[in-house]
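As stored in entry-v4.txt (compact mmCIF, C-alpha atoms and all ligand atoms):
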# COMPACT_ATOMS: atom_id res chain seq x y z
CA MET N 210 -28.92 -8.56 1.75
CA THR N 211 -31.41 -11.42 1.48
CA SER N 212 -28.83 -14.13 2.00
CA ARG N 213 -29.54 -17.62 3.24
CA SER N 214 -26.88 -19.32 5.29
CA VAL N 215 -26.23 -22.92 4.23
CA ASP N 216 -23.71 -25.65 4.97
CA ILE N 217 -22.13 -25.60 1.54
CA LYS N 218 -20.48 -29.01 1.79
CA GLN N 219 -23.66 -30.70 2.92
CA GLN N 220 -25.84 -28.98 0.35
CA TYR N 221 -23.60 -29.24 -2.72
CA GLY N 222 -21.03 -31.99 -2.12
CA PRO N 223 -17.34 -32.50 -1.43
CA TRP N 224 -15.67 -30.91 -4.49
CA ALA N 225 -15.88 -27.58 -6.30
CA LEU N 226 -14.38 -26.72 -9.67
CA ILE N 227 -13.43 -23.10 -10.20
CA ALA N 228 -12.69 -22.04 -13.76
CA GLY N 229 -10.43 -18.99 -13.53
CA ALA N 230 -9.19 -19.80 -10.03
CA SER N 231 -5.61 -18.58 -10.00
CA GLU N 232 -6.25 -15.01 -8.86
CA GLY N 233 -8.83 -12.33 -8.08
CA ILE N 234 -12.47 -13.31 -7.60
CA GLY N 235 -11.85 -16.96 -8.53
CA LEU N 236 -9.08 -17.31 -5.96
CA ALA N 237 -11.30 -15.68 -3.34
CA PHE N 238 -14.01 -18.27 -4.07
CA ALA N 239 -11.40 -21.03 -3.73
CA ASP N 240 -10.16 -19.70 -0.41
CA GLN N 241 -13.65 -19.30 1.04
CA LEU N 242 -14.75 -22.76 -0.09
CA ALA N 243 -11.59 -24.36 1.29
CA ALA N 244 -12.34 -22.65 4.62
CA GLN N 245 -15.59 -24.64 4.60
CA GLY N 246 -13.78 -27.92 3.95
CA ILE N 247 -14.59 -28.20 0.23
CA ASN N 248 -11.95 -29.89 -1.94
CA LEU N 249 -10.96 -27.91 -4.99
CA VAL N 250 -10.24 -28.31 -8.66
CA LEU N 251 -8.47 -25.10 -9.65
CA LEU N 252 -8.41 -24.31 -13.35
CA SER N 253 -6.65 -21.59 -15.31
CA ARG N 254 -4.06 -21.38 -18.09
CA SER N 255 -0.97 -20.86 -15.97
CA GLN N 256 0.36 -23.89 -14.07
CA GLY N 257 2.70 -21.60 -12.11
CA LYS N 258 -0.08 -19.31 -10.88
CA LEU N 259 -2.21 -22.35 -9.99
CA GLU N 260 0.61 -23.90 -7.97
CA ALA N 261 1.12 -20.65 -6.07
CA ALA N 262 -2.61 -20.39 -5.36
CA ALA N 263 -2.80 -24.00 -4.22
CA SER N 264 0.15 -23.72 -1.86
CA ASP N 265 -1.33 -20.55 -0.36
CA ILE N 266 -4.67 -22.29 0.24
CA LYS N 267 -3.05 -25.49 1.54
CA ALA N 268 -1.09 -23.46 4.10
CA LYS N 269 -4.40 -22.31 5.60
CA HIS N 270 -6.89 -25.12 4.98
CA ASN N 271 -6.77 -28.91 5.09
CA VAL N 272 -8.35 -29.77 1.73
CA ASP N 273 -7.46 -31.77 -1.38
CA ILE N 274 -6.57 -29.67 -4.40
CA ARG N 275 -6.22 -30.71 -8.04
CA LEU N 276 -4.88 -28.39 -10.69
CA VAL N 277 -5.95 -28.22 -14.32
CA ALA N 278 -3.86 -25.98 -16.54
CA ALA N 279 -6.12 -25.48 -19.54
CA ASP N 280 -7.10 -22.70 -21.90
CA LEU N 281 -10.89 -22.57 -21.91
CA THR N 282 -10.84 -21.13 -25.42
CA ALA N 283 -8.94 -24.13 -26.80
CA GLU N 284 -10.89 -26.43 -29.07
CA ASN N 285 -9.99 -29.50 -26.99
CA CYS N 286 -10.13 -27.91 -23.51
CA MET N 287 -12.62 -30.49 -22.26
CA ASP N 288 -10.12 -33.35 -22.75
CA SER N 289 -7.97 -32.47 -19.74
CA ILE N 290 -10.94 -31.19 -17.71
CA ARG N 291 -12.73 -34.53 -18.18
CA SER N 292 -9.68 -36.65 -17.39
CA GLU N 293 -8.51 -34.63 -14.37
CA THR N 294 -11.95 -34.64 -12.75
CA ALA N 295 -13.00 -38.21 -13.58
CA GLY N 296 -14.41 -39.89 -10.49
CA LEU N 297 -14.70 -36.68 -8.46
CA GLU N 298 -18.09 -35.58 -7.15
CA ILE N 299 -18.06 -31.99 -8.36
CA GLY N 300 -21.01 -30.44 -6.56
CA LEU N 301 -20.19 -26.83 -7.33
CA LEU N 302 -19.13 -25.25 -10.61
CA ILE N 303 -17.92 -21.67 -10.55
CA TYR N 304 -17.26 -20.16 -13.96
CA ASN N 305 -15.24 -17.05 -13.18
CA ALA N 306 -12.78 -16.67 -16.08
CA GLY N 307 -13.96 -13.79 -18.22
CA ALA N 308 -10.87 -12.04 -19.48
CA VAL N 309 -11.15 -8.40 -18.58
CA HIS N 310 -8.33 -6.74 -20.43
CA GLY N 311 -8.48 -3.45 -22.18
CA ALA N 312 -11.06 -1.72 -24.30
CA GLU N 313 -10.83 -0.99 -28.00
CA LEU N 314 -13.21 -0.10 -30.82
CA PHE N 315 -14.57 -3.35 -32.27
CA LEU N 316 -13.06 -2.84 -35.71
CA ASP N 317 -9.67 -1.84 -34.28
CA ASP N 318 -9.32 -5.06 -32.28
CA PRO N 319 -8.06 -8.21 -34.00
CA LEU N 320 -10.97 -10.48 -34.86
CA GLU N 321 -9.31 -13.31 -32.91
CA LYS N 322 -9.61 -11.34 -29.66
CA SER N 323 -13.38 -10.93 -30.07
CA LEU N 324 -13.81 -14.55 -31.09
CA GLY N 325 -11.74 -15.56 -28.06
CA LEU N 326 -14.15 -13.67 -25.79
CA VAL N 327 -17.11 -15.42 -27.40
CA SER N 328 -15.38 -18.71 -26.78
CA LEU N 329 -14.41 -17.97 -23.17
CA ASN N 330 -17.67 -16.35 -22.07
CA CYS N 331 -20.23 -18.30 -24.11
CA ARG N 332 -18.81 -21.61 -25.36
CA GLY N 333 -16.91 -22.28 -22.10
CA PRO N 334 -19.90 -21.93 -19.77
CA VAL N 335 -21.97 -24.13 -22.09
CA LEU N 336 -19.27 -26.85 -22.19
CA LEU N 337 -18.73 -26.95 -18.43
CA ALA N 338 -22.39 -26.64 -17.47
CA HIS N 339 -23.30 -29.49 -19.80
CA HIS N 340 -20.52 -31.76 -18.53
CA PHE N 341 -20.88 -31.11 -14.79
CA GLY N 342 -24.64 -30.45 -14.83
CA GLN N 343 -25.54 -34.00 -15.89
CA PRO N 344 -24.21 -35.72 -12.74
CA MET N 345 -25.63 -32.91 -10.57
CA ARG N 346 -29.06 -33.61 -12.03
CA GLU N 347 -28.65 -37.34 -11.40
CA ARG N 348 -27.50 -36.77 -7.80
CA LYS N 349 -30.29 -34.26 -7.20
CA ARG N 350 -27.91 -31.75 -5.70
CA GLY N 351 -25.47 -29.18 -6.97
CA GLY N 352 -24.79 -25.53 -7.66
CA MET N 353 -23.36 -23.35 -10.41
CA ILE N 354 -22.25 -19.72 -10.39
CA PHE N 355 -21.50 -17.81 -13.59
CA LEU N 356 -19.82 -14.40 -13.40
CA SER N 357 -21.30 -11.58 -15.41
CA SER N 358 -20.74 -7.85 -15.40
CA MET N 359 -22.58 -4.54 -15.10
CA ALA N 360 -21.22 -4.01 -18.63
CA ALA N 361 -23.85 -6.52 -19.78
CA PHE N 362 -26.73 -4.12 -19.06
CA ALA N 363 -26.04 -2.24 -22.30
CA GLY N 364 -23.41 -2.37 -24.97
CA GLY N 365 -21.28 0.65 -25.63
CA SER N 366 -18.28 1.83 -27.61
CA TYR N 367 -15.04 0.01 -26.73
CA VAL N 368 -16.67 -3.04 -25.10
CA ALA N 369 -18.93 -4.43 -27.85
CA THR N 370 -17.98 -8.09 -27.67
CA TYR N 371 -17.22 -8.17 -23.94
CA SER N 372 -20.63 -6.66 -23.04
CA ALA N 373 -22.49 -8.95 -25.42
CA THR N 374 -20.83 -12.11 -24.13
CA LYS N 375 -21.48 -11.04 -20.56
CA ALA N 376 -25.18 -10.62 -21.46
CA PHE N 377 -25.05 -14.29 -22.50
CA ASP N 378 -23.69 -14.99 -19.00
CA ILE N 379 -26.89 -13.55 -17.55
CA ILE N 380 -29.43 -15.20 -19.83
CA PHE N 381 -27.84 -18.67 -19.90
CA PRO N 382 -27.78 -19.10 -16.10
CA GLN N 383 -31.29 -17.65 -15.80
CA SER N 384 -32.58 -20.45 -18.00
CA LEU N 385 -30.57 -23.10 -16.18
CA TRP N 386 -31.83 -21.73 -12.86
CA HIS N 387 -35.36 -22.51 -13.97
CA GLU N 388 -34.60 -25.83 -15.67
CA MET N 389 -32.53 -27.27 -12.84
CA ALA N 390 -34.52 -26.09 -9.82
CA PRO N 391 -36.70 -29.25 -9.82
CA ASP N 392 -33.47 -31.30 -9.53
CA ASN N 393 -32.29 -29.32 -6.49
CA VAL N 394 -29.46 -27.68 -8.45
CA ASN N 395 -29.03 -23.97 -7.65
CA VAL N 396 -27.84 -21.80 -10.51
CA LEU N 397 -26.81 -18.18 -10.05
CA CYS N 398 -25.60 -15.41 -12.32
CA LEU N 399 -23.35 -13.25 -10.16
CA ILE N 400 -23.00 -9.76 -11.61
CA ALA N 401 -19.89 -7.89 -10.55
CA GLY N 402 -19.16 -4.21 -10.98
CA ALA N 403 -15.64 -2.77 -10.92
CA THR N 404 -13.59 -5.08 -8.72
CA ARG N 405 -9.92 -4.99 -7.73
CA THR N 406 -8.33 -7.98 -9.46
CA PRO N 407 -4.88 -8.52 -10.96
CA ALA N 408 -6.46 -8.73 -14.43
CA MET N 409 -8.14 -5.34 -13.94
CA ALA N 410 -4.88 -3.82 -12.74
CA SER N 411 -2.96 -5.20 -15.71
CA SER N 412 -5.56 -3.78 -18.09
CA GLY N 413 -4.18 -0.37 -17.14
CA LEU N 414 -6.97 0.75 -14.83
CA ASP N 415 -6.16 2.46 -11.58
CA LEU N 416 -8.63 0.92 -9.16
CA SER N 417 -6.91 2.20 -6.07
CA THR N 418 -9.31 5.10 -5.74
CA GLU N 419 -13.07 5.40 -6.18
CA GLN N 420 -14.51 6.87 -9.38
CA GLU N 421 -16.33 10.10 -8.73
CA GLY N 422 -20.10 9.54 -8.54
CA GLY N 423 -19.74 5.82 -9.36
CA PRO N 424 -20.47 2.79 -7.21
CA ALA N 425 -17.73 1.69 -4.82
CA ILE N 426 -15.01 -0.49 -6.31
CA MET N 427 -15.21 -3.87 -4.63
CA ASP N 428 -12.61 -6.29 -3.32
CA SER N 429 -12.60 -9.78 -4.83
CA ALA N 430 -13.29 -11.41 -1.47
CA ASP N 431 -16.50 -9.42 -0.98
CA VAL N 432 -17.78 -10.38 -4.44
CA ALA N 433 -17.12 -14.07 -3.72
CA THR N 434 -18.73 -13.86 -0.27
CA GLU N 435 -21.90 -12.38 -1.75
CA GLY N 436 -21.94 -15.02 -4.48
CA LEU N 437 -21.75 -17.94 -2.06
CA ALA N 438 -24.23 -16.36 0.34
CA ASN N 439 -26.75 -15.92 -2.47
CA LEU N 440 -26.22 -19.10 -4.45
CA ALA N 441 -29.68 -20.29 -3.47
CA ASN N 442 -31.21 -16.87 -4.21
CA GLY N 443 -30.98 -16.99 -8.00
CA PRO N 444 -31.40 -16.45 -10.79
CA VAL N 445 -29.33 -13.24 -10.50
CA TRP N 446 -27.42 -11.50 -7.74
CA ILE N 447 -25.66 -8.17 -8.18
CA ALA N 448 -22.66 -7.87 -5.87
CA GLY N 449 -22.39 -4.66 -3.86
CA GLU N 450 -25.00 -2.24 -2.62
CA GLY N 451 -23.74 0.55 -4.88
CA ASN N 452 -23.94 -1.71 -7.94
CA ARG N 453 -27.47 -2.81 -7.01
CA ALA N 454 -28.57 0.82 -6.69
CA THR N 455 -26.94 1.68 -10.02
CA ALA N 456 -28.63 -1.28 -11.73
CA GLU N 457 -32.02 -0.17 -10.44
CA MET N 458 -31.42 3.34 -11.70
CA LEU N 459 -30.24 2.11 -15.13
CA ALA N 460 -33.37 0.00 -15.60
CA ALA N 461 -35.42 3.19 -15.93
CA VAL N 462 -33.11 4.89 -18.47
CA PRO N 463 -34.18 4.81 -22.16
CA ARG N 464 -31.97 2.44 -24.16
CA LYS N 465 -30.43 5.13 -26.37
CA ASP N 466 -29.37 7.18 -23.34
CA LEU N 467 -28.15 4.05 -21.62
CA VAL N 468 -25.81 3.07 -24.48
CA GLU N 469 -24.61 6.68 -24.64
CA ALA N 470 -23.90 6.73 -20.91
CA MET N 471 -22.13 3.37 -21.06
CA SER N 472 -19.97 4.57 -23.93
CA MET N 473 -19.02 7.74 -22.07
CA ALA N 474 -18.23 5.87 -18.87
CA THR N 475 -16.07 3.31 -20.71
CA ALA N 476 -14.22 6.02 -22.62
CA ASN N 477 -13.50 7.84 -19.34
CA LEU N 478 -12.45 4.65 -17.58
CA TYR N 479 -9.98 3.65 -20.28
CA ASP N 480 -8.93 7.18 -21.20
CA LYS N 481 -10.29 6.92 -24.77
CA PRO N 482 -11.98 9.59 -26.89
CA TYR N 483 -15.73 9.89 -26.30
CA ILE N 484 -17.73 10.74 -29.43
CA PRO N 485 -21.47 11.02 -28.72
CA VAL N 486 -24.04 9.94 -31.30
CA LYS N 487 -25.71 13.04 -32.78
CA SER N 488 -29.46 12.97 -32.17
N1 LIG V 1 -12.55 -7.19 -12.29
C1 LIG V 1 -13.63 -6.48 -12.57
O1 LIG V 1 -13.68 -5.26 -12.38
C2 LIG V 1 -14.87 -7.18 -13.10
C3 LIG V 1 -16.03 -6.42 -13.31
C4 LIG V 1 -17.17 -7.05 -13.77
C5 LIG V 1 -17.16 -8.42 -14.00
N2 LIG V 1 -16.01 -9.13 -13.80
C6 LIG V 1 -16.02 -10.56 -14.11
O2 LIG V 1 -15.37 -11.27 -13.08
C7 LIG V 1 -14.65 -12.38 -13.61
C8 LIG V 1 -13.20 -12.35 -13.15
O3 LIG V 1 -12.57 -11.19 -13.66
P1 LIG V 1 -11.04 -10.83 -13.43
O4 LIG V 1 -10.96 -9.36 -13.31
O5 LIG V 1 -10.48 -11.63 -12.29
O6 LIG V 1 -10.32 -11.23 -14.81
P2 LIG V 1 -10.07 -12.55 -15.66
O7 LIG V 1 -9.27 -12.15 -16.83
O8 LIG V 1 -11.39 -13.17 -15.94
O9 LIG V 1 -9.15 -13.53 -14.78
C9 LIG V 1 -9.69 -14.40 -13.87
C10 LIG V 1 -9.11 -15.79 -13.94
O10 LIG V 1 -9.41 -16.39 -15.19
C11 LIG V 1 -8.27 -17.09 -15.70
N3 LIG V 1 -8.40 -17.09 -17.16
C12 LIG V 1 -8.46 -16.02 -17.99
N4 LIG V 1 -8.56 -16.44 -19.26
C13 LIG V 1 -8.59 -17.79 -19.24
C14 LIG V 1 -8.67 -18.80 -20.24
N5 LIG V 1 -8.73 -18.49 -21.54
N6 LIG V 1 -8.69 -20.10 -19.87
C15 LIG V 1 -8.59 -20.43 -18.57
N7 LIG V 1 -8.52 -19.53 -17.56
C16 LIG V 1 -8.50 -18.22 -17.91
C17 LIG V 1 -7.08 -16.29 -15.14
O11 LIG V 1 -5.90 -17.07 -14.96
P3 LIG V 1 -4.79 -17.37 -16.09
O12 LIG V 1 -4.26 -16.05 -16.55
O13 LIG V 1 -3.79 -18.23 -15.37
O14 LIG V 1 -5.48 -18.13 -17.18
C18 LIG V 1 -7.60 -15.90 -13.77
O15 LIG V 1 -7.40 -16.97 -12.85
C19 LIG V 1 -14.82 -12.30 -15.13
O16 LIG V 1 -15.85 -13.18 -15.54
C20 LIG V 1 -15.22 -10.86 -15.38
O17 LIG V 1 -16.01 -10.72 -16.55
C21 LIG V 1 -14.87 -8.55 -13.35
Render the structure in this file as structure tokens.
Ligand SMILES: NC(=O)c1ccc[n+]([C@@H]2O[C@H](COP(=O)([O-])OP(=O)(O)OC[C@H]3O[C@@H](n4cnc5c(N)ncnc54)[C@H](OP(=O)(O)O)[C@@H]3O)[C@@H](O)[C@H]2O)c1
Amino acid sequence: MTSRSVDIKQQYGPWALIAGASEGIGLAFADQLAAQGINLVLLSRSQGKLEAAASDIKAKHNVDIRLVAADLTAENCMDSIRSETAGLEIGLLIYNAGAVHGAELFLDDPLEKSLGLVSLNCRGPVLLAHHFGQPMRERKRGGMIFLSSMAAFAGGSYVATYSATKAFDIIFPQSLWHEMAPDNVNVLCLIAGATRTPAMASSGLDLSTEQEGGPAIMDSADVATEGLANLANGPVWIAGEGNRATAEMLAAVPRKDLVEAMSMATANLYDKPYIPVKS
């Protein structure tokens, strides 16, 4: 791994905001940042889950924690985010919320679910990056991490909107990485493969055992560790050696075959019928 060790607090500042912080990868980021003395703004929809996360972190680390219970897909979500963070020097923004839950054919899913994904994975990152990026640029220091997915490498049956919005979460940070580098703001797209998180478990997937022939399923903590270690190594970092090897292999596969393979893998993963396109 070509990681560069940095003093995160010194490089980025005293506070981090984690969107999607109550569990899984987001909670692992929170825990690891708190261990380095960074104060935290933890954001997710559920006040109860946030309180549990905060008390767990507080029991281990001496940091200040603010909670923002907000739905990032809500029209007015920035109101509470703005007011709860006013006056804080947020030096790190981690946009983790991405709503992994289930897979369905596009036309069989309610339209609202797809539009919700567009809102969470595209509108949300734009809103938060614009709000917190301005003061980072003025201060000439800061960092942002946006979570994407191996599913973004090609669309496929059952994950049309999810894959497409996760592709946005690669391209958007890549551009910001280039635009904000002169202002000493590091931007990273962190691509995760299959990772054990509560959301993944509740989507009905059994991630307790490895998939035959697939890359190793990762633990949330390892994904977060790689993200922080490679924040200055943007624009993109793929978490996990197995995922990096898979990504390299996929880059050489013709697009048609790639979408076919993605569709088959998703169907297998979610126990759905796989119907290949006749060529
Ligand atoms: N797990 C995997 O296998 C995997 C694979 C590839 C990529 N990823 C990416 O990794 C990230 C984390 O995934 P995850 O598996 O932990 O699932 P997730 O559904 O994104 O949940 C993560 C966090 O986001 C919060 N959240 C979800 N929807 C929200 C909303 N509308 N507004 C505010 N907060 C919201 C959840 O808390 P609340 O329920 O309290 O809101 C939770 O704290 C996502 O971006 C995902 O695309 C995950």
Using only C-alpha atoms, list the residues that have an atom at most 12 Å from (-3.7, -3.4, -17.3), coordinates as in the file, as an mmCIF file with C-alpha atoms, in the coordinates of the input.
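Saved file selection_27.cif follows:
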data_model
loop_
_atom_site.group_PDB
_atom_site.id
_atom_site.type_symbol
_atom_site.label_atom_id
_atom_site.label_comp_id
_atom_site.auth_asym_id
_atom_site.auth_seq_id
_atom_site.Cartn_x
_atom_site.Cartn_y
_atom_site.Cartn_z
ATOM 1 C CA ALA N 308 -10.870 -12.040 -19.480
ATOM 2 C CA VAL N 309 -11.150 -8.400 -18.580
ATOM 3 C CA HIS N 310 -8.330 -6.740 -20.430
ATOM 4 C CA GLY N 311 -8.480 -3.450 -22.180
ATOM 5 C CA ALA N 312 -11.060 -1.720 -24.300
ATOM 6 C CA ARG N 405 -9.920 -4.990 -7.730
ATOM 7 C CA THR N 406 -8.330 -7.980 -9.460
ATOM 8 C CA PRO N 407 -4.880 -8.520 -10.960
ATOM 9 C CA ALA N 408 -6.460 -8.730 -14.430
ATOM 10 C CA MET N 409 -8.140 -5.340 -13.940
ATOM 11 C CA ALA N 410 -4.880 -3.820 -12.740
ATOM 12 C CA SER N 411 -2.960 -5.200 -15.710
ATOM 13 C CA SER N 412 -5.560 -3.780 -18.090
ATOM 14 C CA GLY N 413 -4.180 -0.370 -17.140
ATOM 15 C CA LEU N 414 -6.970 0.750 -14.830
ATOM 16 C CA ASP N 415 -6.160 2.460 -11.580
ATOM 17 C CA LEU N 416 -8.630 0.920 -9.160
ATOM 18 C CA LEU N 478 -12.450 4.650 -17.580
ATOM 19 C CA TYR N 479 -9.980 3.650 -20.280
#
Leaving out region 482-485 of chain N and any residue of its chain fewer than 5 positions from it, which residues lie within 8 Å of it when counting only C-alpha atoms, given as a list in words? Glu469, Ser472, Met473, Ala476 and Asn477 of chain N
Using all atoms listed in the file, which of N:Ala237, N:Ala461, N:Ile247, N:Ala268 sits nearest Gly436 (chain N)? N:Ala237
Which residues of chain N have any atom within 6 Å of an atom in ligand LIG 1 (chain V) when counting all atoms listed in the file, and what is the closest pair of atoms for each, with the distance in Å to one decimal? Order the rows by chain and rising number and write it as a tab-separated table.
residue	atom	partner	partner_atom	distance
N:Gly229	CA	V:LIG1	O10	3.2
N:Ala230	CA	V:LIG1	O15	4.4
N:Ser231	CA	V:LIG1	O15	3.7
N:Glu232	CA	V:LIG1	O15	4.6
N:Gly233	CA	V:LIG1	O5	4.6
N:Ile234	CA	V:LIG1	O5	5.4
N:Ser253	CA	V:LIG1	N7	3.6
N:Arg254	CA	V:LIG1	O14	3.7
N:Ser255	CA	V:LIG1	O13	3.9
N:Lys258	CA	V:LIG1	O13	5.9
N:Ala279	CA	V:LIG1	C15	5.7
N:Asp280	CA	V:LIG1	N6	3.7
N:Leu281	CA	V:LIG1	N6	3.9
N:Thr282	CA	V:LIG1	N5	5.1
N:Asn305	CA	V:LIG1	O16	4.6
N:Ala306	CA	V:LIG1	O10	3.5
N:Gly307	CA	V:LIG1	O16	3.3
N:Ala308	CA	V:LIG1	O7	3.1
N:Val309	CA	V:LIG1	O7	4.5
N:Leu329	CA	V:LIG1	N5	5.9
N:Leu356	CA	V:LIG1	O16	4.7
N:Ser357	CA	V:LIG1	C5	5.4
N:Ser358	CA	V:LIG1	C5	3.9
N:Ala401	CA	V:LIG1	C4	4.3
N:Gly402	CA	V:LIG1	C4	4.5
N:Ala403	CA	V:LIG1	O1	3.5
N:Thr404	CA	V:LIG1	O1	3.7
N:Arg405	CA	V:LIG1	N1	5.7
N:Thr406	CA	V:LIG1	O4	4.9
N:Ala408	CA	V:LIG1	O6	4.6
N:Met409	CA	V:LIG1	O4	5.0
For Ala360 (chain N), which of N:Ala456, N:Pro223, N:Pro344, N:Pro391 is the closest residue, counting all atoms listed in the file?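 Looking at the shortest contact to Ala360 (chain N), the residue is N:Ala456.
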Selection: 12 Å around Glu260 (chain N), only C-alpha atoms, excl. self and same-chain fewer than 2 positions, as number ranges by chain: N: 230-232, 236, 250-258, 262-267, 274-278
